[in-house]
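Participant: One file: protein38.tsv (TSV, C-alpha atoms and all ligand atoms).
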```tsv
chain	number	residue	atom	x	y	z
A	271	MET	CA	64.11	73.52	103.44
A	272	ARG	CA	64.77	76.75	105.31
A	273	PRO	CA	67.33	79.19	103.95
A	274	PHE	CA	70.80	79.00	105.50
A	275	ALA	CA	74.19	80.66	105.06
A	276	TYR	CA	77.09	78.61	103.70
A	277	GLN	CA	80.67	79.28	104.73
A	278	ARG	CA	83.66	77.33	103.50
A	279	ALA	CA	86.49	76.96	105.98
A	280	THR	CA	90.00	77.14	104.58
A	281	ASP	CA	91.74	75.51	107.53
A	282	ALA	CA	91.11	74.41	111.13
A	283	SER	CA	91.46	77.87	112.59
A	284	SER	CA	89.01	79.47	110.14
A	285	ALA	CA	86.56	76.61	110.82
A	286	LEU	CA	86.81	77.14	114.57
A	287	GLN	CA	86.39	80.88	114.16
A	288	ALA	CA	83.23	80.42	112.10
A	289	LEU	CA	81.89	77.84	114.53
A	290	ALA	CA	82.57	80.02	117.56
A	291	ALA	CA	79.16	81.60	117.07
A	292	ALA	CA	77.68	78.24	118.06
A	293	ALA	CA	79.26	78.45	121.48
A	294	THR	CA	77.01	81.33	122.50
A	295	GLY	CA	73.71	80.76	124.31
A	296	ASN	CA	72.44	77.47	125.75
A	297	SER	CA	72.18	75.54	122.52
A	298	THR	CA	73.22	71.90	122.47
A	299	LEU	CA	75.58	70.69	119.78
A	300	THR	CA	72.86	69.29	117.58
A	301	GLU	CA	70.55	72.28	118.01
A	302	ALA	CA	73.38	74.75	117.46
A	303	SER	CA	72.63	77.48	114.95
A	304	VAL	CA	76.02	76.92	113.31
A	305	GLN	CA	76.82	73.36	112.21
A	306	PRO	CA	79.93	71.86	110.63
A	307	LEU	CA	79.19	70.24	107.29
A	308	ALA	CA	81.16	67.10	106.42
A	309	GLY	CA	79.58	64.64	103.95
A	310	GLY	CA	76.18	66.16	104.68
A	311	THR	CA	74.39	62.81	104.47
A	312	THR	CA	72.82	63.18	107.90
A	313	LEU	CA	72.76	66.93	108.28
A	314	ILE	CA	71.19	67.87	104.95
A	315	ASP	CA	68.72	64.99	105.32
A	316	LEU	CA	67.54	66.33	108.69
A	317	MET	CA	67.43	69.91	107.39
A	318	LYS	CA	65.17	68.81	104.55
A	319	LEU	CA	62.90	67.15	107.12
A	320	ASP	CA	62.96	70.40	109.15
A	321	VAL	CA	64.27	68.47	112.18
A	322	MET	CA	67.53	70.45	112.23
A	323	ARG	CA	67.40	74.15	111.46
A	324	PRO	CA	70.91	75.63	111.49
A	325	ALA	CA	71.23	79.21	110.27
A	326	THR	CA	74.80	78.62	109.06
A	327	LEU	CA	76.73	75.65	107.76
A	328	VAL	CA	80.51	75.70	107.95
A	329	ASP	CA	81.92	73.38	105.30
A	330	ILE	CA	84.91	71.59	106.87
A	331	ASN	CA	85.79	69.48	103.81
A	332	PRO	CA	88.83	71.67	102.97
A	333	LEU	CA	90.35	70.33	106.23
A	334	ALA	CA	90.40	66.85	104.70
A	335	ALA	CA	94.00	67.27	103.55
A	336	ALA	CA	95.02	67.41	107.21
A	337	TRP	CA	92.25	65.32	108.79
A	338	SER	CA	91.64	62.31	106.58
A	339	ALA	CA	94.79	60.21	106.91
A	340	ILE	CA	94.72	56.51	107.84
A	341	ASN	CA	97.95	55.77	109.74
A	342	LEU	CA	99.03	52.48	111.25
A	343	ASP	CA	102.16	53.40	113.14
A	344	GLY	CA	103.77	50.57	115.09
A	345	GLY	CA	100.83	48.97	116.87
A	346	ASN	CA	98.60	52.05	116.88
A	347	LEU	CA	95.94	53.21	114.44
A	348	ARG	CA	94.99	56.84	113.80
A	349	LEU	CA	92.00	57.66	111.61
A	350	GLY	CA	91.32	61.25	110.57
A	351	ALA	CA	87.76	62.33	111.27
A	352	LEU	CA	87.29	63.48	107.67
A	353	ALA	CA	88.36	60.12	106.22
A	354	ARG	CA	85.54	58.76	104.06
A	355	MET	CA	83.87	55.56	105.24
A	356	SER	CA	84.68	53.82	101.95
A	357	ASP	CA	88.39	54.68	102.13
A	358	VAL	CA	88.74	53.32	105.65
A	359	ALA	CA	86.76	50.17	104.80
A	360	ALA	CA	89.08	49.58	101.81
A	361	SER	CA	92.34	50.12	103.74
A	362	GLN	CA	94.47	46.96	103.80
A	363	ASP	CA	95.92	48.00	107.16
A	364	VAL	CA	92.44	48.30	108.65
A	365	GLN	CA	91.16	45.08	107.06
A	366	ARG	CA	94.15	43.06	108.32
A	367	ASN	CA	94.49	44.49	111.81
A	368	TYR	CA	91.00	45.74	112.68
A	369	PRO	CA	88.51	43.69	110.63
A	370	VAL	CA	85.75	44.78	113.03
A	371	ILE	CA	86.16	48.38	111.80
A	372	ALA	CA	86.35	47.47	108.12
A	373	GLU	CA	83.27	45.28	108.40
A	374	ALA	CA	81.23	47.78	110.44
A	375	LEU	CA	81.86	50.36	107.72
A	376	ARG	CA	81.30	47.97	104.82
A	377	LEU	CA	77.91	46.93	106.21
A	378	ALA	CA	76.76	50.53	106.79
A	379	ALA	CA	74.50	52.53	104.46
A	380	SER	CA	75.18	52.21	100.69
A	381	ALA	CA	78.30	52.49	98.53
A	382	GLN	CA	77.29	55.98	97.40
A	383	LEU	CA	76.74	57.16	100.98
A	384	ARG	CA	80.00	55.62	102.16
A	385	ASN	CA	81.84	57.54	99.43
A	386	MET	CA	80.46	60.83	100.77
A	387	ALA	CA	80.20	60.20	104.50
A	388	THR	CA	83.01	60.79	106.97
A	389	LEU	CA	83.92	58.97	110.17
A	390	GLY	CA	83.27	62.07	112.29
A	391	GLY	CA	79.82	62.58	110.79
A	392	ASN	CA	79.07	58.88	111.13
A	393	VAL	CA	79.55	58.74	114.88
A	394	LEU	CA	77.46	61.92	115.26
A	395	GLN	CA	74.51	60.70	113.21
A	396	ARG	CA	71.17	60.97	114.97
A	397	THR	CA	68.50	58.42	115.76
A	398	ARG	CA	66.24	57.00	113.06
A	399	CYS	CA	63.22	57.05	115.43
A	400	SER	CA	60.42	57.85	113.01
A	401	TYR	CA	58.68	60.15	115.49
A	402	PHE	CA	61.87	62.16	115.82
A	403	ARG	CA	62.25	62.45	112.04
A	404	ASP	CA	58.63	63.43	111.40
A	405	VAL	CA	57.93	66.92	112.71
A	406	SER	CA	54.17	66.39	112.42
A	407	TYR	CA	54.48	64.48	115.72
A	408	ALA	CA	54.59	67.06	118.49
A	409	ASP	CA	55.59	64.67	121.25
A	410	CYS	CA	59.28	63.91	120.99
A	411	ASN	CA	61.43	64.84	123.98
A	412	LYS	CA	64.58	64.67	121.89
A	413	ARG	CA	63.37	67.12	119.25
A	414	ASN	CA	61.07	69.14	121.45
A	415	PRO	CA	62.18	68.80	125.13
A	416	GLY	CA	59.33	68.25	127.59
A	417	SER	CA	56.80	67.29	124.92
A	418	GLY	CA	56.58	63.54	125.69
A	419	CYS	CA	57.58	60.47	123.73
A	420	ALA	CA	55.29	59.13	121.00
A	421	ALA	CA	57.34	55.94	120.72
A	422	MET	CA	56.66	54.68	124.27
A	423	GLU	CA	53.14	53.55	123.38
A	424	GLY	CA	53.53	53.87	119.63
A	425	PHE	CA	55.22	51.65	117.05
A	426	ASN	CA	58.52	50.87	118.77
A	427	ARG	CA	59.87	47.92	116.78
A	428	SER	CA	63.20	49.62	116.03
A	429	HIS	CA	63.65	51.05	119.51
A	430	ALA	CA	66.07	50.24	122.32
A	431	VAL	CA	65.94	47.45	124.90
A	432	LEU	CA	68.99	48.73	126.82
A	433	GLY	CA	69.81	52.18	128.23
A	434	MET	CA	66.33	53.72	127.92
A	435	SER	CA	64.88	56.38	130.21
A	436	GLU	CA	61.36	57.55	131.01
A	437	ARG	CA	61.93	60.29	128.44
A	438	CYS	CA	63.35	58.49	125.42
A	439	ILE	CA	63.81	54.97	124.07
A	440	ALA	CA	65.41	55.83	120.72
A	441	THR	CA	68.15	53.57	119.38
A	442	TYR	CA	71.60	54.82	118.46
A	443	PRO	CA	71.67	53.83	114.77
A	444	GLY	CA	75.33	53.80	113.62
A	445	ASP	CA	77.65	50.83	113.10
A	446	LEU	CA	81.18	52.22	113.41
A	447	ALA	CA	80.73	53.40	117.00
A	448	GLN	CA	80.33	49.83	118.26
A	449	ALA	CA	83.69	48.84	116.77
A	450	LEU	CA	85.33	51.91	118.30
A	451	ILE	CA	83.85	51.25	121.73
A	452	ALA	CA	84.87	47.60	121.66
A	453	LEU	CA	88.46	48.56	120.80
A	454	ASP	CA	88.67	51.21	123.55
A	455	ALA	CA	89.27	53.93	120.96
A	456	ALA	CA	90.01	57.51	121.93
A	457	ILE	CA	88.93	60.66	120.10
A	458	GLU	CA	90.84	63.84	119.48
A	459	ILE	CA	88.70	66.94	119.75
A	460	THR	CA	89.84	70.29	118.40
A	461	GLY	CA	88.39	73.45	119.88
A	462	LYS	CA	89.31	77.05	120.41
A	463	SER	CA	91.43	76.16	123.43
A	464	GLY	CA	93.42	73.51	121.57
A	465	VAL	CA	93.22	69.74	121.21
A	466	ARG	CA	91.87	67.44	123.89
A	467	THR	CA	91.61	63.66	123.94
A	468	MET	CA	89.01	61.51	125.63
A	469	PRO	CA	87.85	57.89	125.52
A	470	PHE	CA	85.40	57.40	122.67
A	471	ALA	CA	83.11	55.74	125.22
A	472	GLN	CA	82.56	59.17	126.79
A	473	LEU	CA	81.25	60.79	123.59
A	474	HIS	CA	77.63	59.63	123.64
A	475	LYS	CA	75.26	60.42	126.48
A	476	ALA	CA	72.44	58.12	127.58
A	477	PRO	CA	69.07	59.91	127.33
A	478	GLY	CA	68.27	60.25	131.05
A	479	ASP	CA	66.17	63.37	131.64
A	480	THR	CA	67.74	65.25	128.73
A	481	PRO	CA	67.53	63.14	125.56
A	482	GLN	CA	68.17	66.27	123.50
A	483	LEU	CA	71.77	66.27	124.80
A	484	GLU	CA	73.29	63.48	122.78
A	485	THR	CA	77.02	63.99	123.14
A	486	THR	CA	79.59	65.56	125.43
A	487	LEU	CA	80.98	67.74	122.62
A	488	SER	CA	80.54	71.46	123.13
A	489	PRO	CA	79.22	73.65	120.34
A	490	GLY	CA	82.16	74.87	118.28
A	491	GLU	CA	84.27	71.74	118.90
A	492	LEU	CA	85.30	69.42	116.08
A	493	ILE	CA	86.27	65.78	116.16
A	494	SER	CA	89.63	65.66	114.40
A	495	ALA	CA	90.70	62.01	114.78
A	496	PHE	CA	90.15	58.58	116.32
A	497	THR	CA	93.00	56.55	117.79
A	498	ILE	CA	93.28	52.89	118.79
A	499	SER	CA	96.13	51.29	120.74
A	500	GLY	CA	97.18	47.79	119.76
A	501	ARG	CA	96.04	45.57	116.91
A	502	TRP	CA	92.93	43.39	116.99
A	503	PRO	CA	93.14	40.97	114.05
A	504	ARG	CA	90.73	38.58	115.81
A	505	SER	CA	87.72	40.85	115.63
A	506	VAL	CA	84.30	40.67	114.00
A	507	TYR	CA	81.29	42.87	113.29
A	508	LEU	CA	78.01	41.03	112.79
A	509	LYS	CA	74.83	42.86	111.86
A	510	ALA	CA	71.25	41.51	111.71
A	511	ARG	CA	68.81	43.65	109.74
A	512	ASP	CA	65.57	43.42	107.82
A	513	ARG	CA	67.40	43.15	104.47
A	514	GLN	CA	70.97	42.32	103.64
A	515	SER	CA	71.96	45.73	102.31
A	516	TYR	CA	71.28	49.42	102.86
A	517	GLU	CA	69.57	48.97	106.21
A	518	PHE	CA	70.19	49.86	109.83
A	519	ALA	CA	70.86	47.16	112.44
A	520	LEU	CA	68.09	45.47	114.37
A	521	ALA	CA	70.89	44.00	116.46
A	522	SER	CA	74.62	43.99	115.93
A	523	ALA	CA	77.74	42.98	117.81
A	524	ALA	CA	81.33	44.13	117.60
A	525	VAL	CA	83.57	41.48	119.15
A	526	ALA	CA	87.33	41.42	119.67
A	527	LEU	CA	89.00	38.42	121.30
A	528	ASP	CA	92.44	37.41	122.43
A	529	VAL	CA	92.43	33.60	122.59
A	530	GLN	CA	95.53	31.57	123.53
A	531	ASN	CA	95.40	27.74	123.40
A	532	GLY	CA	91.60	27.82	123.40
A	533	VAL	CA	91.39	30.04	126.50
A	534	VAL	CA	90.00	33.58	126.28
A	535	GLN	CA	92.61	36.02	127.62
A	536	ASP	CA	90.69	39.18	126.75
A	537	ALA	CA	87.26	39.90	125.29
A	538	ARG	CA	85.64	43.12	124.10
A	539	ILE	CA	81.97	43.24	123.12
A	540	ALA	CA	79.79	46.16	122.03
A	541	LEU	CA	76.15	46.05	120.95
A	542	GLY	CA	74.39	48.05	118.25
A	543	GLY	CA	70.76	48.42	117.17
A	544	VAL	CA	69.51	47.54	120.65
A	545	ALA	CA	70.61	50.42	122.90
A	546	THR	CA	70.25	54.18	123.19
A	547	ILE	CA	74.01	54.63	122.90
A	548	PRO	CA	76.83	52.46	121.56
A	549	TRP	CA	76.72	49.81	124.30
A	550	ARG	CA	79.68	48.07	125.90
A	551	ALA	CA	78.65	44.65	127.23
A	552	ARG	CA	81.04	44.37	130.15
A	553	GLU	CA	79.06	41.64	131.95
A	554	ALA	CA	79.42	39.45	128.88
A	555	GLU	CA	83.13	40.17	128.66
A	556	ALA	CA	83.58	39.16	132.31
A	557	GLN	CA	81.94	35.78	131.60
A	558	LEU	CA	84.52	35.04	128.93
A	559	ARG	CA	87.85	36.07	130.46
A	560	GLY	CA	90.04	33.19	131.61
A	561	GLN	CA	87.57	30.55	130.32
A	562	LYS	CA	87.96	27.85	127.71
A	563	PHE	CA	85.91	28.88	124.68
A	564	ASP	CA	83.02	26.60	123.76
A	565	ASP	CA	79.31	26.75	122.79
A	566	GLY	CA	78.11	26.95	126.38
A	567	LEU	CA	80.44	29.82	127.21
A	568	ALA	CA	79.36	31.81	124.13
A	569	GLN	CA	75.72	31.32	125.09
A	570	ARG	CA	76.28	32.38	128.72
A	571	ALA	CA	78.12	35.50	127.56
A	572	ALA	CA	75.31	36.33	125.11
A	573	GLU	CA	72.72	36.00	127.87
A	574	ALA	CA	74.81	38.18	130.20
A	575	ALA	CA	74.95	40.88	127.50
A	576	PHE	CA	71.17	41.24	127.66
A	577	ALA	CA	70.65	40.56	131.38
A	578	GLY	CA	69.34	44.10	131.96
A	579	ALA	CA	67.30	44.35	128.73
A	580	LYS	CA	63.63	45.33	128.73
A	581	GLY	CA	61.41	44.82	125.71
A	582	ARG	CA	58.28	46.77	124.78
A	583	LYS	CA	55.23	45.91	122.73
A	584	HIS	CA	56.97	45.64	119.34
A	585	ASN	CA	60.66	45.22	120.08
A	586	ALA	CA	60.96	42.40	122.65
A	587	PHE	CA	62.18	40.11	119.82
A	588	LYS	CA	65.45	42.07	119.84
A	589	ILE	CA	66.55	40.39	123.08
A	590	ALA	CA	66.62	36.87	121.64
A	591	LEU	CA	67.92	38.16	118.30
A	592	GLY	CA	70.68	40.16	120.00
A	593	GLN	CA	71.76	37.15	122.04
A	594	ARG	CA	72.06	35.06	118.88
A	595	VAL	CA	74.07	37.78	117.17
A	596	VAL	CA	76.50	37.98	120.12
A	597	ALA	CA	76.91	34.20	120.32
A	598	ARG	CA	77.48	33.89	116.57
A	599	ALA	CA	79.94	36.79	116.51
A	600	LEU	CA	81.90	35.16	119.35
A	601	HIS	CA	82.06	31.88	117.43
A	602	GLN	CA	83.23	33.68	114.29
A	603	ALA	CA	85.93	35.57	116.18
A	604	ALA	CA	87.13	32.46	118.03
A	605	ALA	CA	87.38	30.52	114.76
A	606	MET	CA	89.45	33.16	112.92
A	607	GLU	CA	92.96	32.19	111.87
A	608	VAL	CA	95.23	35.03	112.95
B	1	LIG	P1	77.25	65.08	108.16
B	1	LIG	O1	75.86	64.83	107.74
B	1	LIG	O2	78.04	66.08	107.41
B	1	LIG	O3	77.30	65.47	109.71
B	1	LIG	C1	76.55	64.79	110.68
B	1	LIG	C2	76.59	65.60	111.99
B	1	LIG	O4	77.90	65.59	112.51
B	1	LIG	C3	76.23	67.06	111.79
B	1	LIG	O5	75.57	67.53	112.95
B	1	LIG	C4	77.59	67.74	111.64
B	1	LIG	O6	77.53	69.10	112.02
B	1	LIG	C5	78.44	66.91	112.58
B	1	LIG	N1	79.84	66.76	112.20
B	1	LIG	C6	80.30	66.17	111.07
B	1	LIG	N2	81.63	66.04	111.12
B	1	LIG	C7	82.01	66.57	112.30
B	1	LIG	C8	83.28	66.71	112.95
B	1	LIG	N3	84.43	66.29	112.39
B	1	LIG	N4	83.31	67.28	114.19
B	1	LIG	C9	82.16	67.70	114.80
B	1	LIG	N5	80.94	67.60	114.21
B	1	LIG	C10	80.89	67.03	112.99
B	1	LIG	N6	75.02	54.71	109.07
B	1	LIG	C11	75.42	53.55	109.62
B	1	LIG	O7	76.32	53.56	110.46
B	1	LIG	N7	74.83	52.37	109.24
B	1	LIG	C12	73.84	52.31	108.31
B	1	LIG	O8	73.37	51.23	107.99
B	1	LIG	C13	73.42	53.51	107.70
B	1	LIG	N8	72.45	53.53	106.76
B	1	LIG	C14	72.06	54.72	106.21
B	1	LIG	C15	71.04	54.75	105.26
B	1	LIG	C16	70.63	55.96	104.70
B	1	LIG	C17	69.53	55.99	103.69
B	1	LIG	C18	71.25	57.17	105.10
B	1	LIG	C19	70.86	58.49	104.52
B	1	LIG	C20	72.27	57.15	106.05
B	1	LIG	C21	72.67	55.93	106.61
B	1	LIG	N9	73.65	55.89	107.59
B	1	LIG	C22	74.05	54.71	108.14
B	1	LIG	C23	74.17	57.13	108.14
B	1	LIG	C24	75.39	57.60	107.40
B	1	LIG	O9	76.43	56.70	107.59
B	1	LIG	C25	75.69	58.97	108.00
B	1	LIG	O10	74.73	59.85	107.44
B	1	LIG	C26	77.06	59.47	107.68
B	1	LIG	O11	78.04	58.61	108.18
B	1	LIG	C27	77.26	60.86	108.27
B	1	LIG	O12	78.52	61.35	107.86
B	1	LIG	P2	78.61	62.74	107.11
B	1	LIG	O13	80.06	62.99	106.90
B	1	LIG	O14	77.76	62.77	105.91
B	1	LIG	O15	78.03	63.69	108.25
B	2	LIG	FE1	61.54	61.25	120.50
B	2	LIG	FE2	63.13	59.54	121.76
B	2	LIG	FE3	60.54	59.24	121.96
B	2	LIG	FE4	61.73	58.81	119.60
B	2	LIG	S1	62.02	57.62	121.46
B	2	LIG	S2	59.80	59.93	120.00
B	2	LIG	S3	63.41	60.29	119.69
B	2	LIG	S4	61.73	61.00	122.70
```
Take the structure I supplied and represent it as structure tokens, if you would.
Facilitator:
Amino acid sequence: MRPFAYQRATDASSALQALAAAATGNSTLTEASVQPLAGGTTLIDLMKLDVMRPATLVDINPLAAAWSAINLDGGNLRLGALARMSDVAASQDVQRNYPVIAEALRLAASAQLRNMATLGGNVLQRTRCSYFRDVSYADCNKRNPGSGCAAMEGFNRSHAVLGMSERCIATYPGDLAQALIALDAAIEITGKSGVRTMPFAQLHKAPGDTPQLETTLSPGELISAFTISGRWPRSVYLKARDRQSYEFALASAAVALDVQNGVVQDARIALGGVATIPWRAREAEAQLRGQKFDDGLAQRAAEAAFAGAKGRKHNAFKIALGQRVVARALHQAAAMEV
């Protein structure tokens, strides 16, 4: 691991001041020479692998007193970005009103990691593409822009079938982001000019010609909170993976339904493990709205979710698997007693 400087913020303004150095030059957020340190479970990992090489880490954990609350106020949920994954998964308010969030967190990583890792760090985790994480491969457009993509013709079993570009086919690996996208969450971002809010769906960028630019955050900005309007007790997160614990998704679905007298009034579906960014399946949602829920409808919606999918040599199985995950998640959500 390369040497780096460690600074401990005392509050938001000292964190922003220390991070301001990152706003200079053309660096992207994830290449920035100054990085915020939350749980460190992604950042330190990638520094050990020499994939990320920040000169300075700014420890933002002292901000947890202000930025880790879990508040259900009326019908709205606010989650501090420094809340630990395990605390949010264990919250009775979250389990009762947003089971899709509790389950996405419970099925992520391991108990030890969830005790360390924060929500903000979770949504900013980087791809598990093995060519990205192994610096002995020169050709990775995400790590080394313009160098090519070893995964295109290489071993691409874990890679994306939706949202790829000619430059990058890496999968977005996290679980929580799918739940947040499905619930139309917003994020609060704190920067030197104050606090701004944007739809969570605008955080991640599809790879296009610049796979190294992964988010719309600017260097020096911090995610401070996530907010969700309304309650979604009829919601499910289903994750298919190679083993039942401590493994990333091969295909996952976050589903939230509003069903009245057997008819779907509203449907929200997001896909994980299969796309380059947390993926909202709007075509599938459109199939469901206003229709009586049954097996055929769930299957048609699942097929619509993958209508634009394209498999490669090793990952084409994800299309059929993903469809089954969506259909099963829809059945589970429809059958919930709320
Ligand atoms: P850090 O490592 O501290 O930060 C990650 C990145 O976000 C860094 O670039 C950091 O600078 C930036 N950052 C952190 N907080 C903020 C903020 N508030 N504002 C702006 N930037 C910020 N995740 C899953 O979802 N599902 C899994 O199945 C899963 N399995 C895993 C298995 C293993 C073996 C490991 C090591 C990780 C796994 N993870 C999984 C990923 C894990 O959940 C993430 O590493 C963790 O959530 C990151 O949170 P953190 O607080 O440790 O982030
Ligand atoms: Fe790099 Fe993306 Fe290709 Fe993986 S898929 S090698 S991250 S460019």
Participant: Go through A:Ala551, A:Leu591, A:Leu487, A:Leu446 one by one, measure the shortest atom-to-atom distance of each to Gly433 of chain A using only C-alpha atoms, and give the residue with the smallest value.
Facilitator: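 Comparing A:Ala551, A:Leu591, A:Leu487, A:Leu446 against Gly433 of chain A, the winner is A:Ala551.
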Participant: Restricting the calculation to all atoms listed in the file: of A:Phe274, A:Phe402, A:Phe470, A:Trp337, which residue gets closest to Thr497 of chain A?
Facilitator: A:Phe470
Participant: Using only C-alpha atoms, find all polymer residues with an atom at most 9 Å away from the point (86.0, 72.6, 112.1); report them as number ranges by chain.
Facilitator: A: 279, 281-289, 306-307, 328-331, 333, 460-461, 490-494
Participant: Taking all atoms listed in the file into account, report as a PyMOL selection string which residues have an atom no farther than 8 Å from an atom of ligand LIG 1 (chain B).
Facilitator: chain A and resi 299-300+305-315+327+330+351-352+354-355+374-375+377-380+383-384+386-396+443-447+459+487+490-495+516-519
Participant: Include C-alpha atoms and write out the residues we just selected as a PDB file, in the frame of the given file.
Facilitator:
```pdb
ATOM      1  CA  LEU A 299      75.580  70.690 119.780  1.00  0.00           C
ATOM      2  CA  THR A 300      72.860  69.290 117.580  1.00  0.00           C
ATOM      3  CA  GLN A 305      76.820  73.360 112.210  1.00  0.00           C
ATOM      4  CA  PRO A 306      79.930  71.860 110.630  1.00  0.00           C
ATOM      5  CA  LEU A 307      79.190  70.240 107.290  1.00  0.00           C
ATOM      6  CA  ALA A 308      81.160  67.100 106.420  1.00  0.00           C
ATOM      7  CA  GLY A 309      79.580  64.640 103.950  1.00  0.00           C
ATOM      8  CA  GLY A 310      76.180  66.160 104.680  1.00  0.00           C
ATOM      9  CA  THR A 311      74.390  62.810 104.470  1.00  0.00           C
ATOM     10  CA  THR A 312      72.820  63.180 107.900  1.00  0.00           C
ATOM     11  CA  LEU A 313      72.760  66.930 108.280  1.00  0.00           C
ATOM     12  CA  ILE A 314      71.190  67.870 104.950  1.00  0.00           C
ATOM     13  CA  ASP A 315      68.720  64.990 105.320  1.00  0.00           C
ATOM     14  CA  LEU A 327      76.730  75.650 107.760  1.00  0.00           C
ATOM     15  CA  ILE A 330      84.910  71.590 106.870  1.00  0.00           C
ATOM     16  CA  ALA A 351      87.760  62.330 111.270  1.00  0.00           C
ATOM     17  CA  LEU A 352      87.290  63.480 107.670  1.00  0.00           C
ATOM     18  CA  ARG A 354      85.540  58.760 104.060  1.00  0.00           C
ATOM     19  CA  MET A 355      83.870  55.560 105.240  1.00  0.00           C
ATOM     20  CA  ALA A 374      81.230  47.780 110.440  1.00  0.00           C
ATOM     21  CA  LEU A 375      81.860  50.360 107.720  1.00  0.00           C
ATOM     22  CA  LEU A 377      77.910  46.930 106.210  1.00  0.00           C
ATOM     23  CA  ALA A 378      76.760  50.530 106.790  1.00  0.00           C
ATOM     24  CA  ALA A 379      74.500  52.530 104.460  1.00  0.00           C
ATOM     25  CA  SER A 380      75.180  52.210 100.690  1.00  0.00           C
ATOM     26  CA  LEU A 383      76.740  57.160 100.980  1.00  0.00           C
ATOM     27  CA  ARG A 384      80.000  55.620 102.160  1.00  0.00           C
ATOM     28  CA  MET A 386      80.460  60.830 100.770  1.00  0.00           C
ATOM     29  CA  ALA A 387      80.200  60.200 104.500  1.00  0.00           C
ATOM     30  CA  THR A 388      83.010  60.790 106.970  1.00  0.00           C
ATOM     31  CA  LEU A 389      83.920  58.970 110.170  1.00  0.00           C
ATOM     32  CA  GLY A 390      83.270  62.070 112.290  1.00  0.00           C
ATOM     33  CA  GLY A 391      79.820  62.580 110.790  1.00  0.00           C
ATOM     34  CA  ASN A 392      79.070  58.880 111.130  1.00  0.00           C
ATOM     35  CA  VAL A 393      79.550  58.740 114.880  1.00  0.00           C
ATOM     36  CA  LEU A 394      77.460  61.920 115.260  1.00  0.00           C
ATOM     37  CA  GLN A 395      74.510  60.700 113.210  1.00  0.00           C
ATOM     38  CA  ARG A 396      71.170  60.970 114.970  1.00  0.00           C
ATOM     39  CA  PRO A 443      71.670  53.830 114.770  1.00  0.00           C
ATOM     40  CA  GLY A 444      75.330  53.800 113.620  1.00  0.00           C
ATOM     41  CA  ASP A 445      77.650  50.830 113.100  1.00  0.00           C
ATOM     42  CA  LEU A 446      81.180  52.220 113.410  1.00  0.00           C
ATOM     43  CA  ALA A 447      80.730  53.400 117.000  1.00  0.00           C
ATOM     44  CA  ILE A 459      88.700  66.940 119.750  1.00  0.00           C
ATOM     45  CA  LEU A 487      80.980  67.740 122.620  1.00  0.00           C
ATOM     46  CA  GLY A 490      82.160  74.870 118.280  1.00  0.00           C
ATOM     47  CA  GLU A 491      84.270  71.740 118.900  1.00  0.00           C
ATOM     48  CA  LEU A 492      85.300  69.420 116.080  1.00  0.00           C
ATOM     49  CA  ILE A 493      86.270  65.780 116.160  1.00  0.00           C
ATOM     50  CA  SER A 494      89.630  65.660 114.400  1.00  0.00           C
ATOM     51  CA  ALA A 495      90.700  62.010 114.780  1.00  0.00           C
ATOM     52  CA  TYR A 516      71.280  49.420 102.860  1.00  0.00           C
ATOM     53  CA  GLU A 517      69.570  48.970 106.210  1.00  0.00           C
ATOM     54  CA  PHE A 518      70.190  49.860 109.830  1.00  0.00           C
ATOM     55  CA  ALA A 519      70.860  47.160 112.440  1.00  0.00           C
TER      56      ALA A 519
END
```
Participant: Using all atoms listed in the file, what table do you get, as CSV, when you list each residue of chain A with an atom no more than 7 Å from ligand LIG 2 (chain B), its nearest pair of atoms, and their distance in Å rounded to one decimal, rows by chain then rising number?
Facilitator:
```
residue,atom,partner,partner_atom,distance
A:Thr397,CA,B:LIG2,S3,6.7
A:Cys399,CA,B:LIG2,FE4,4.8
A:Ser400,CA,B:LIG2,FE4,6.8
A:Tyr401,CA,B:LIG2,S2,4.7
A:Phe402,CA,B:LIG2,S3,4.6
A:Asp409,CA,B:LIG2,S2,6.5
A:Cys410,CA,B:LIG2,FE1,3.5
A:Asn411,CA,B:LIG2,S4,4.1
A:Lys412,CA,B:LIG2,S4,4.7
A:Arg413,CA,B:LIG2,FE1,6.3
A:Gly418,CA,B:LIG2,S4,6.5
A:Cys419,CA,B:LIG2,FE3,3.7
A:Ala420,CA,B:LIG2,S2,4.7
A:Ala421,CA,B:LIG2,S2,4.7
A:Met422,CA,B:LIG2,FE3,6.4
A:Arg437,CA,B:LIG2,S4,5.8
A:Cys438,CA,B:LIG2,FE2,3.8
A:Ile439,CA,B:LIG2,S1,4.1
A:Ala440,CA,B:LIG2,S1,3.9
A:Pro481,CA,B:LIG2,S4,6.8
```
Participant: Take atom CA of Gln535 of chain A and atom CA of Gln557 of chain A and report the distance between them in Å, one decimal.
Facilitator: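 These two atoms are separated by 11.4 Å.
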Participant: Which polymer residues have any atom within 8 Å of an atom of segment 369-371 of chain A, counting all atoms listed in the file, with same-chain residues fewer than 5 positions away left out, as a list in words?
Facilitator: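 In the requested form, the answer reads Ala359, Val364, Leu446, Ala449, Leu450, Trp502, Pro503, Arg504, Ser505, Val506, Tyr507, Ala524, Val525 and Ala526 of chain A.
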Participant: Quick one: everything within 9 Å of Ala455 of chain A, counting all atoms listed in the file, minus sequence neighbours fewer than 2 positions away in the same chain. Send it as a compact mmCIF listing (two decimals) with C-alpha atoms, in the coordinates of the input.
Facilitator:
```txt
# COMPACT_ATOMS: atom_id res chain seq x y z
CA ALA A 449 83.69 48.84 116.77
CA LEU A 450 85.33 51.91 118.30
CA ILE A 451 83.85 51.25 121.73
CA ALA A 452 84.87 47.60 121.66
CA LEU A 453 88.46 48.56 120.80
CA ILE A 457 88.93 60.66 120.10
CA MET A 468 89.01 61.51 125.63
CA PRO A 469 87.85 57.89 125.52
CA PHE A 470 85.40 57.40 122.67
CA ALA A 471 83.11 55.74 125.22
CA PHE A 496 90.15 58.58 116.32
CA THR A 497 93.00 56.55 117.79
CA ILE A 498 93.28 52.89 118.79
CA SER A 499 96.13 51.29 120.74
```
